[in-house]
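**Student:** First the structure, then my questions, so here it is.
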Amino acid sequence: MSLRPAGLLLVLLAGPALLTACADTPDPVVTPEPVAIDAPQPAMPEAKMEVAAIPPPPAPARFAGHVASYKTLAEAESAWPRLAERVPQLKTADRRYVEIDLGGQRGKVVRLLVGGFADRAAALDYCRGLRSSAIYCAPHELPGS
């Protein structure tokens, strides 16, 4: 088939219109009308929130029980197992080693402190319990308190 110049001109002029007319066009989007519902909605049960009582944090330890003094830290650490064996209550107690300078000829000593208490009265009560086991104990203020 051969196109004459006039026919070719017609195809060229009509081509874009034909392509546009034949193109797939998307279907229009149909949005349904809102429908009012007259029926009452059941009430949702009110959510119950249970709040657990959170105890206040413990007061910072300011005192401990002084149970023994040693010349060096090594002596204090090696004495601990024997002391804890003699008084089972001490096995679970927190312990601290604090170096104290007593001054003069007495010099420096390492004190073994046990427990941690918010005030002197609580440390004294703890010490009374240890004294009933025939062990020395005296309230001692912790360094930095």
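Just so we're on the same page: first chain in the structure tokens is A, next is B, and so on; residues restart at 1 for each chain, and ligands are numbered from 1 in the order they show up.
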Considering only C-alpha atoms, return as a PyMOL selection string whatever protein or nucleic-acid residues lie within 10 Å of Pro143 in chain A, sequence-local ones (same chain, fewer than 6 positions apart) excluded.

**Tutor:** chain A and resi 62-63+98-100

**Student:** CA of Ile135 in chain A and CA of Arg86 in chain A are how many Å apart?

**Tutor:**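 Result for CA of Ile135 in chain A versus CA of Arg86 in chain A: 9.2 Å, one decimal.
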
**Student:** Within 7 Å of range 73-78 of chain A, counting only C-alpha atoms, which residues show up once you throw out same-chain ones fewer than 3 positions away? Write them as a list in words, please.

**Tutor:** Tyr70, Pro81, Val110 and Leu112 of chain A

**Student:** How many Å separate CA of Pro60 in chain A from CA of Gly115 in chain A?

**Tutor:**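 According to the coordinates, CA of Pro60 in chain A and CA of Gly115 in chain A are separated by 11.9 Å.
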